[in-house]
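Asker: Structure file start-v3.pdb, PDB, C-alpha atoms, is pasted below:
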```
ATOM      1  CA  MET T   1     129.777 -41.932 -37.780
ATOM      2  CA  LYS T   2     126.997 -39.416 -38.048
ATOM      3  CA  LEU T   3     123.701 -40.724 -39.368
ATOM      4  CA  LEU T   4     120.964 -38.475 -40.729
ATOM      5  CA  LEU T   5     117.845 -39.854 -39.092
ATOM      6  CA  SER T   6     114.596 -39.740 -40.996
ATOM      7  CA  VAL T   7     111.726 -41.303 -39.040
ATOM      8  CA  LEU T   8     108.816 -42.064 -41.338
ATOM      9  CA  LYS T   9     105.215 -43.078 -40.665
ATOM     10  CA  ARG T  10     103.905 -45.475 -43.328
ATOM     11  CA  THR T  11     101.774 -48.517 -44.059
ATOM     12  CA  TYR T  12     103.081 -51.382 -46.204
ATOM     13  CA  THR T  13     100.770 -53.590 -48.214
ATOM     14  CA  PRO T  14     101.894 -57.086 -49.206
ATOM     15  CA  ALA T  15     104.347 -56.794 -52.077
ATOM     16  CA  VAL T  16     103.778 -58.631 -55.327
ATOM     17  CA  CYS T  17     106.691 -57.302 -57.356
ATOM     18  CA  THR T  18     109.860 -59.268 -56.759
ATOM     19  CA  SER T  19     113.446 -59.734 -57.764
ATOM     20  CA  ARG T  20     114.797 -63.276 -57.611
ATOM     21  CA  ARG T  21     118.402 -64.267 -57.012
ATOM     22  CA  ARG T  22     120.121 -67.617 -56.912
ATOM     23  CA  CYS T  23     120.821 -68.657 -53.350
ATOM     24  CA  VAL T  24     121.605 -71.513 -51.003
ATOM     25  CA  SER T  25     120.320 -72.471 -47.564
ATOM     26  CA  SER T  26     121.074 -69.771 -45.011
ATOM     27  CA  GLY T  27     121.897 -72.108 -42.154
ATOM     28  CA  GLY T  28     120.307 -69.546 -39.827
ATOM     29  CA  SER T  29     116.577 -69.396 -39.140
ATOM     30  CA  GLY T  30     115.805 -71.990 -41.806
ATOM     31  CA  LEU T  31     113.884 -69.474 -43.891
ATOM     32  CA  LEU T  32     115.711 -70.206 -47.149
ATOM     33  CA  ARG T  33     115.229 -73.734 -48.347
ATOM     34  CA  ARG T  34     115.015 -73.398 -52.118
ATOM     35  CA  ARG T  35     117.851 -72.511 -54.443
ATOM     36  CA  ASP T  36     115.752 -69.935 -56.278
ATOM     37  CA  GLU T  37     114.374 -67.646 -53.603
ATOM     38  CA  THR T  38     112.864 -64.178 -53.626
ATOM     39  CA  LEU T  39     115.264 -61.792 -51.903
ATOM     40  CA  VAL T  40     113.841 -58.382 -52.856
ATOM     41  CA  VAL T  41     110.192 -57.301 -52.813
ATOM     42  CA  GLY T  42     108.921 -53.821 -53.552
ATOM     43  CA  SER T  43     106.018 -51.448 -53.878
ATOM     44  CA  SER T  44     106.072 -51.692 -57.679
ATOM     45  CA  ARG T  45     107.661 -53.706 -60.443
ATOM     46  CA  GLU T  46     109.099 -50.524 -61.931
ATOM     47  CA  LEU T  47     110.908 -49.659 -58.694
ATOM     48  CA  VAL T  48     112.356 -53.155 -58.314
ATOM     49  CA  GLN T  49     113.623 -53.025 -61.896
ATOM     50  CA  ARG T  50     114.935 -49.475 -61.611
ATOM     51  CA  LEU T  51     116.969 -50.221 -58.494
ATOM     52  CA  GLY T  52     117.935 -53.717 -59.589
ATOM     53  CA  SER T  53     121.544 -52.789 -60.368
ATOM     54  CA  GLN T  54     121.877 -50.719 -57.189
ATOM     55  CA  VAL T  55     120.586 -53.258 -54.676
ATOM     56  CA  GLU T  56     122.298 -56.626 -54.452
ATOM     57  CA  VAL T  57     122.110 -59.568 -52.060
ATOM     58  CA  ARG T  58     124.655 -62.366 -52.475
ATOM     59  CA  THR T  59     123.665 -65.367 -50.388
ATOM     60  CA  GLY T  60     126.224 -67.839 -49.109
ATOM     61  CA  PHE T  61     128.990 -65.281 -49.587
ATOM     62  CA  ILE T  62     130.842 -66.666 -46.586
ATOM     63  CA  THR T  63     130.861 -70.139 -45.050
ATOM     64  CA  GLU T  64     130.095 -71.129 -41.487
ATOM     65  CA  GLU T  65     133.839 -71.554 -40.932
ATOM     66  CA  GLU T  66     134.548 -68.055 -42.286
ATOM     67  CA  GLU T  67     131.854 -66.612 -40.039
ATOM     68  CA  GLY T  68     133.611 -68.299 -37.133
ATOM     69  CA  ALA T  69     136.942 -66.744 -38.108
ATOM     70  CA  LEU T  70     135.371 -63.282 -38.241
ATOM     71  CA  MET T  71     133.641 -63.801 -34.898
ATOM     72  CA  ARG T  72     136.879 -64.854 -33.213
ATOM     73  CA  GLU T  73     138.406 -61.530 -34.237
ATOM     74  CA  VAL T  74     135.538 -59.214 -33.345
ATOM     75  CA  GLU T  75     133.975 -60.895 -30.301
ATOM     76  CA  PRO T  76     136.726 -60.121 -27.747
ATOM     77  CA  GLY T  77     136.483 -56.389 -28.406
ATOM     78  CA  LEU T  78     132.680 -56.391 -28.474
ATOM     79  CA  LYS T  79     132.461 -58.219 -25.146
ATOM     80  CA  LYS T  80     134.226 -55.295 -23.496
ATOM     81  CA  LYS T  81     131.319 -53.023 -24.462
ATOM     82  CA  ARG T  82     127.737 -52.828 -23.247
ATOM     83  CA  TYR T  83     124.742 -52.790 -25.527
ATOM     84  CA  GLU T  84     123.493 -49.227 -25.843
ATOM     85  CA  PHE T  85     119.820 -48.392 -26.138
ATOM     86  CA  ASP T  86     120.098 -44.627 -26.609
ATOM     87  CA  HIS T  87     122.133 -43.814 -29.716
ATOM     88  CA  TRP T  88     123.392 -40.230 -29.723
ATOM     89  CA  ASP T  89     121.295 -39.323 -32.784
ATOM     90  CA  ASP T  90     118.526 -41.865 -32.033
ATOM     91  CA  ALA T  91     119.260 -43.990 -35.104
ATOM     92  CA  ILE T  92     120.150 -47.319 -33.482
ATOM     93  CA  HIS T  93     118.600 -49.158 -30.547
ATOM     94  CA  GLY T  94     120.277 -52.043 -28.708
ATOM     95  CA  TYR T  95     123.729 -52.064 -30.252
ATOM     96  CA  ARG T  96     127.454 -52.076 -29.704
ATOM     97  CA  GLU T  97     129.992 -51.197 -32.328
ATOM     98  CA  THR T  98     133.668 -50.981 -33.061
ATOM     99  CA  GLU T  99     136.063 -50.380 -35.956
ATOM    100  CA  ARG T 100     138.987 -52.507 -37.051
ATOM    101  CA  GLU T 101     141.869 -51.645 -39.351
ATOM    102  CA  ARG T 102     143.933 -54.794 -38.887
ATOM    103  CA  TRP T 103     142.678 -58.320 -39.520
ATOM    104  CA  GLY T 104     144.208 -61.772 -39.499
ATOM    105  CA  GLU T 105     145.071 -63.427 -42.780
ATOM    106  CA  ALA T 106     141.872 -65.473 -43.096
ATOM    107  CA  CYS T 107     139.624 -62.480 -42.396
ATOM    108  CA  GLU T 108     141.630 -60.197 -44.670
ATOM    109  CA  GLU T 109     141.024 -62.663 -47.505
ATOM    110  CA  ILE T 110     137.273 -62.464 -46.854
ATOM    111  CA  LEU T 111     137.315 -58.658 -46.816
ATOM    112  CA  SER T 112     139.375 -58.572 -50.007
ATOM    113  CA  ARG T 113     136.665 -60.668 -51.622
ATOM    114  CA  VAL T 114     134.042 -58.195 -50.424
ATOM    115  CA  ARG T 115     135.986 -55.255 -51.837
ATOM    116  CA  SER T 116     136.540 -56.963 -55.185
ATOM    117  CA  VAL T 117     132.829 -57.570 -55.823
ATOM    118  CA  ALA T 118     131.372 -54.430 -54.241
ATOM    119  CA  PHE T 119     133.640 -51.577 -55.310
ATOM    120  CA  PRO T 120     135.171 -50.474 -58.616
ATOM    121  CA  GLU T 121     138.821 -51.357 -58.988
ATOM    122  CA  GLY T 122     140.983 -48.585 -57.566
ATOM    123  CA  SER T 123     138.105 -47.009 -55.649
ATOM    124  CA  PRO T 124     139.440 -45.356 -52.461
ATOM    125  CA  LEU T 125     137.932 -47.064 -49.425
ATOM    126  CA  LEU T 126     137.215 -45.855 -45.931
ATOM    127  CA  GLY T 127     140.080 -47.312 -43.890
ATOM    128  CA  PRO T 128     138.497 -48.778 -40.740
ATOM    129  CA  VAL T 129     135.933 -51.552 -41.202
ATOM    130  CA  HIS T 130     132.783 -50.903 -39.189
ATOM    131  CA  VAL T 131     131.502 -53.738 -36.966
ATOM    132  CA  LEU T 132     127.918 -53.309 -35.728
ATOM    133  CA  ASP T 133     126.470 -55.751 -33.192
ATOM    134  CA  LEU T 134     122.670 -55.660 -32.743
ATOM    135  CA  ASP T 135     121.119 -57.339 -29.733
ATOM    136  CA  LYS T 136     118.159 -59.647 -30.438
ATOM    137  CA  THR T 137     115.931 -56.788 -29.319
ATOM    138  CA  GLY T 138     117.945 -54.202 -31.244
ATOM    139  CA  TYR T 139     117.103 -52.514 -34.530
ATOM    140  CA  ILE T 140     118.237 -49.714 -36.827
ATOM    141  CA  LYS T 141     115.775 -46.906 -37.489
ATOM    142  CA  PRO T 142     115.287 -45.328 -40.949
ATOM    143  CA  HIS T 143     118.244 -43.110 -41.814
ATOM    144  CA  ILE T 144     120.516 -41.936 -44.604
ATOM    145  CA  ASP T 145     124.267 -41.991 -43.961
ATOM    146  CA  SER T 146     126.031 -38.643 -44.048
ATOM    147  CA  VAL T 147     127.847 -37.891 -47.312
ATOM    148  CA  LYS T 148     130.613 -36.270 -45.256
ATOM    149  CA  PHE T 149     131.900 -39.649 -44.160
ATOM    150  CA  CYS T 150     131.357 -42.140 -46.973
ATOM    151  CA  GLY T 151     130.740 -42.466 -50.685
ATOM    152  CA  SER T 152     128.280 -44.033 -53.089
ATOM    153  CA  THR T 153     128.580 -47.693 -52.035
ATOM    154  CA  ILE T 154     128.175 -49.687 -48.852
ATOM    155  CA  ALA T 155     128.703 -53.442 -48.507
ATOM    156  CA  GLY T 156     127.914 -55.496 -45.422
ATOM    157  CA  LEU T 157     128.450 -59.098 -44.365
ATOM    158  CA  CYS T 158     125.564 -60.565 -42.345
ATOM    159  CA  LEU T 159     126.556 -62.761 -39.389
ATOM    160  CA  LEU T 160     124.594 -64.857 -36.863
ATOM    161  CA  SER T 161     121.032 -64.134 -38.009
ATOM    162  CA  ASP T 162     118.732 -63.582 -40.948
ATOM    163  CA  SER T 163     117.205 -60.098 -41.051
ATOM    164  CA  ILE T 164     115.214 -57.696 -43.199
ATOM    165  CA  MET T 165     116.473 -54.373 -44.516
ATOM    166  CA  ARG T 166     113.852 -51.877 -45.628
ATOM    167  CA  LEU T 167     114.527 -49.038 -48.090
ATOM    168  CA  VAL T 168     112.036 -46.165 -48.371
ATOM    169  CA  LYS T 169     112.243 -43.260 -50.807
ATOM    170  CA  GLU T 170     112.900 -40.169 -48.749
ATOM    171  CA  ASP T 171     110.488 -37.893 -50.610
ATOM    172  CA  ALA T 172     107.875 -40.522 -51.551
ATOM    173  CA  THR T 173     107.267 -42.949 -48.693
ATOM    174  CA  ASN T 174     104.905 -45.100 -50.782
ATOM    175  CA  GLU T 175     107.969 -46.301 -52.741
ATOM    176  CA  TRP T 176     109.844 -49.010 -50.860
ATOM    177  CA  LEU T 177     111.858 -52.206 -51.080
ATOM    178  CA  ASP T 178     112.340 -54.979 -48.547
ATOM    179  CA  LEU T 179     115.578 -56.978 -48.745
ATOM    180  CA  LEU T 180     115.874 -60.424 -47.207
ATOM    181  CA  LEU T 181     119.391 -60.659 -45.764
ATOM    182  CA  PRO T 182     120.156 -64.283 -44.878
ATOM    183  CA  ARG T 183     122.915 -65.235 -42.502
ATOM    184  CA  TYR T 184     126.245 -65.588 -44.399
ATOM    185  CA  SER T 185     125.085 -63.163 -47.111
ATOM    186  CA  LEU T 186     126.594 -59.938 -48.457
ATOM    187  CA  TYR T 187     124.404 -56.944 -49.254
ATOM    188  CA  ILE T 188     125.484 -54.036 -51.466
ATOM    189  CA  LEU T 189     123.743 -50.659 -51.834
ATOM    190  CA  ARG T 190     124.820 -48.179 -54.483
ATOM    191  CA  ASP T 191     123.973 -44.696 -55.772
ATOM    192  CA  GLN T 192     120.231 -43.844 -55.598
ATOM    193  CA  ALA T 193     119.511 -46.745 -53.270
ATOM    194  CA  ARG T 194     122.183 -45.293 -51.010
ATOM    195  CA  TYR T 195     121.210 -41.630 -50.838
ATOM    196  CA  ASN T 196     117.628 -41.251 -52.095
ATOM    197  CA  PHE T 197     116.285 -43.987 -49.821
ATOM    198  CA  THR T 198     116.428 -44.424 -46.079
ATOM    199  CA  HIS T 199     117.513 -47.856 -44.884
ATOM    200  CA  GLU T 200     116.738 -49.694 -41.668
ATOM    201  CA  ILE T 201     116.952 -53.139 -40.060
ATOM    202  CA  LEU T 202     113.568 -54.232 -38.755
ATOM    203  CA  LYS T 203     113.046 -55.206 -35.138
ATOM    204  CA  ASP T 204     112.113 -58.831 -34.408
ATOM    205  CA  GLU T 205     108.393 -58.211 -33.934
ATOM    206  CA  GLU T 206     108.210 -56.454 -37.343
ATOM    207  CA  SER T 207     110.482 -58.920 -39.134
ATOM    208  CA  VAL T 208     108.113 -60.291 -41.798
ATOM    209  CA  PHE T 209     109.223 -60.733 -45.394
ATOM    210  CA  ASN T 210     106.659 -61.262 -48.161
ATOM    211  CA  GLY T 211     104.212 -62.624 -45.600
ATOM    212  CA  GLN T 212     106.687 -64.947 -43.846
ATOM    213  CA  LYS T 213     108.079 -64.377 -40.360
ATOM    214  CA  VAL T 214     111.878 -64.003 -40.273
ATOM    215  CA  PRO T 215     113.062 -64.503 -36.666
ATOM    216  CA  ARG T 216     115.653 -61.887 -35.697
ATOM    217  CA  LEU T 217     118.406 -63.087 -33.395
ATOM    218  CA  ARG T 218     121.564 -61.273 -32.397
ATOM    219  CA  ARG T 219     123.011 -59.890 -35.639
ATOM    220  CA  ILE T 220     126.501 -58.670 -36.495
ATOM    221  CA  SER T 221     127.247 -56.781 -39.686
ATOM    222  CA  ILE T 222     130.761 -56.119 -40.953
ATOM    223  CA  ILE T 223     130.556 -53.068 -43.175
ATOM    224  CA  CYS T 224     132.863 -51.630 -45.824
ATOM    225  CA  ARG T 225     132.354 -48.204 -47.427
ATOM    226  CA  ASN T 226     134.148 -46.192 -50.079
ATOM    227  CA  LEU T 227     135.216 -42.587 -49.622
ATOM    228  CA  SER T 228     133.100 -39.679 -50.783
ATOM    229  CA  GLY T 229     134.204 -37.619 -53.749
TER     230      GLY T 229
END
```
When written as structure tokens, how does the structure in this file appear?

Answerer:
Amino acid sequence: MKLLLSVLKRTYTPAVCTSRRRCVSSGGSGLLRRRDETLVVGSSRELVQRLGSQVEVRTGFITEEEEGALMREVEPGLKKKRYEFDHWDDAIHGYRETERERWGEACEEILSRVRSVAFPEGSPLLGPVHVLDLDKTGYIKPHIDSVKFCGSTIAGLCLLSDSIMRLVKEDATNEWLDLLLPRYSLYILRDQARYNFTHEILKDEESVFNGQKVPRLRRISIICRNLSG
């Protein structure tokens, strides 16, 4: 899937404007220990509020057992591939990926739950589900997905590791949000957050959220998208 890469040079000051969501322990790096935890920080309160309905993180969306079921389906195919460190459009470093159209019953139930909360009823969805495996040293550079291939909404399950997703306004790089994505969580990006902001997954050495280090391990995301138009 073609990605429109937008590499940006910028400096981020500690964020003080936050959005808080109810959450449970991540079971991953141990970062989340309180039930009421900040999951979104931004360059301004106005930006956090403006994008509040377009940026969503649902912690504890899947259980450890459900993560295991998903891993048993995707791991055999991923093991046949090598991690790549030179993506064809330079958007991803240290990754392997695949697509799946058919899932076992347990995994199909999980994906149906994703679709029901992330997309409007009856919304046409992109058929194959994208599976992206990032090595511990891997990361995703700032980019905006091509409108030729997918629509206004993307939803991704976060497996194996906590991580940080950064959104930066394409034409105003001083406007940004950082999203804490705990293991077992579901993130959803819609509309402006999808196409007016680049998104990226930070590398381990840059993985700091609101002043706290978030160790990045191997990370798998299982991604659903709707169709454009």

Asker: Considering only C-alpha atoms, state which residue in the set T:Lys79, T:Met165, T:Ile223, T:Gly104 is at the smallest distance from Leu132 of chain T.

Answerer: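 Once distances to Leu132 of chain T are computed over only C-alpha atoms, the minimum belongs to T:Ile223.
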
Asker: Take the PyMOL selection byres ((chain T and resi 120) around 12), run it mentally on this structure, and tell me the resulting residues as a PDB file with C-alpha atoms, keeping the file's coordinate frame.

Answerer:
```
ATOM      1  CA  VAL T 114     134.042 -58.195 -50.424  1.00  0.00           C
ATOM      2  CA  ARG T 115     135.986 -55.255 -51.837  1.00  0.00           C
ATOM      3  CA  SER T 116     136.540 -56.963 -55.185  1.00  0.00           C
ATOM      4  CA  VAL T 117     132.829 -57.570 -55.823  1.00  0.00           C
ATOM      5  CA  ALA T 118     131.372 -54.430 -54.241  1.00  0.00           C
ATOM      6  CA  PHE T 119     133.640 -51.577 -55.310  1.00  0.00           C
ATOM      7  CA  GLU T 121     138.821 -51.357 -58.988  1.00  0.00           C
ATOM      8  CA  GLY T 122     140.983 -48.585 -57.566  1.00  0.00           C
ATOM      9  CA  SER T 123     138.105 -47.009 -55.649  1.00  0.00           C
ATOM     10  CA  PRO T 124     139.440 -45.356 -52.461  1.00  0.00           C
ATOM     11  CA  LEU T 125     137.932 -47.064 -49.425  1.00  0.00           C
ATOM     12  CA  SER T 152     128.280 -44.033 -53.089  1.00  0.00           C
ATOM     13  CA  THR T 153     128.580 -47.693 -52.035  1.00  0.00           C
ATOM     14  CA  ARG T 190     124.820 -48.179 -54.483  1.00  0.00           C
ATOM     15  CA  ARG T 225     132.354 -48.204 -47.427  1.00  0.00           C
ATOM     16  CA  ASN T 226     134.148 -46.192 -50.079  1.00  0.00           C
ATOM     17  CA  LEU T 227     135.216 -42.587 -49.622  1.00  0.00           C
TER      18      LEU T 227
END
```

Asker: For the atom pair atom CA of Glu67 of chain T and atom CA of Leu202 of chain T, what is the interatomic distance in Å to one decimal place?

Answerer: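 These atoms are spaced 22.1 Å apart.
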
Asker: Where does segment 46-85 of chain T meet segment 167-178 of chain T within 10 Å, residue by residue, with the nearest atom pair and distance in Å to one decimal for each, counting only C-alpha atoms, listed by chain and rising number, as a tab-separated table?

Answerer:
```
residue	atom	partner	partner_atom	distance
T:Leu47	CA	T:Glu175	CA	7.4
T:Val48	CA	T:Leu177	CA	7.3
T:Leu51	CA	T:Leu177	CA	9.2
T:Val55	CA	T:Leu177	CA	9.5
```

Asker: Dump C-alpha atoms for the selected residues as a CSV table (one decimal), in the coordinates of the input?

Answerer:
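The file below, selection-v4.csv, is the result:
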```
chain,number,residue,atom,x,y,z
T,47,LEU,CA,110.9,-49.7,-58.7
T,48,VAL,CA,112.4,-53.2,-58.3
T,51,LEU,CA,117.0,-50.2,-58.5
T,55,VAL,CA,120.6,-53.3,-54.7
```

Asker: Atom CA of Arg183 of chain T to atom CA of Asp135 of chain T: how many Å, to one decimal?

Answerer: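 Straight-line distance from atom CA of Arg183 of chain T to atom CA of Asp135 of chain T works out to 15.1 Å.
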
Asker: Between atom CA of Gly156 of chain T and atom CA of Arg96 of chain T, what is the distance in Å, rounded to a tenth?

Answerer: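 That distance, rounded to one decimal, is 16.1 Å.
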
Asker: Have a look at T:Ile140, T:Ser53, T:Glu200, T:Ser43 and name the one nearest to Phe85 of chain T; count all atoms listed in the file.

Answerer: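 Comparing T:Ile140, T:Ser53, T:Glu200, T:Ser43 against Phe85 of chain T, the winner is T:Ile140.
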
Asker: Could you give me, as a PDB file with C-alpha atoms, in the coordinates of the input, the residues within 12 Å of Trp103 of chain T, counting only C-alpha atoms and dropping anything in the same chain fewer than 6 positions from it?

Answerer:
```pdb
ATOM      1  CA  ALA T  69     136.942 -66.744 -38.108  1.00  0.00           C
ATOM      2  CA  LEU T  70     135.371 -63.282 -38.241  1.00  0.00           C
ATOM      3  CA  MET T  71     133.641 -63.801 -34.898  1.00  0.00           C
ATOM      4  CA  ARG T  72     136.879 -64.854 -33.213  1.00  0.00           C
ATOM      5  CA  GLU T  73     138.406 -61.530 -34.237  1.00  0.00           C
ATOM      6  CA  VAL T  74     135.538 -59.214 -33.345  1.00  0.00           C
ATOM      7  CA  GLU T 109     141.024 -62.663 -47.505  1.00  0.00           C
ATOM      8  CA  ILE T 110     137.273 -62.464 -46.854  1.00  0.00           C
ATOM      9  CA  LEU T 111     137.315 -58.658 -46.816  1.00  0.00           C
ATOM     10  CA  SER T 112     139.375 -58.572 -50.007  1.00  0.00           C
ATOM     11  CA  PRO T 128     138.497 -48.778 -40.740  1.00  0.00           C
ATOM     12  CA  VAL T 129     135.933 -51.552 -41.202  1.00  0.00           C
TER      13      VAL T 129
END
```

Asker: In terms of the shortest atom-to-atom distance over all atoms listed in the file, which of T:Leu186, T:Val214, T:Leu180, T:Ile220 is closest to Gly42 of chain T?

Answerer: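 Of the candidates, the smallest distance to Gly42 of chain T is held by T:Leu180.
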
Asker: Which residue is closest to Ser161 of chain T? Choose from T:Arg216, T:Arg194, T:Ser207, T:His143 and count only C-alpha atoms.

Answerer: T:Arg216
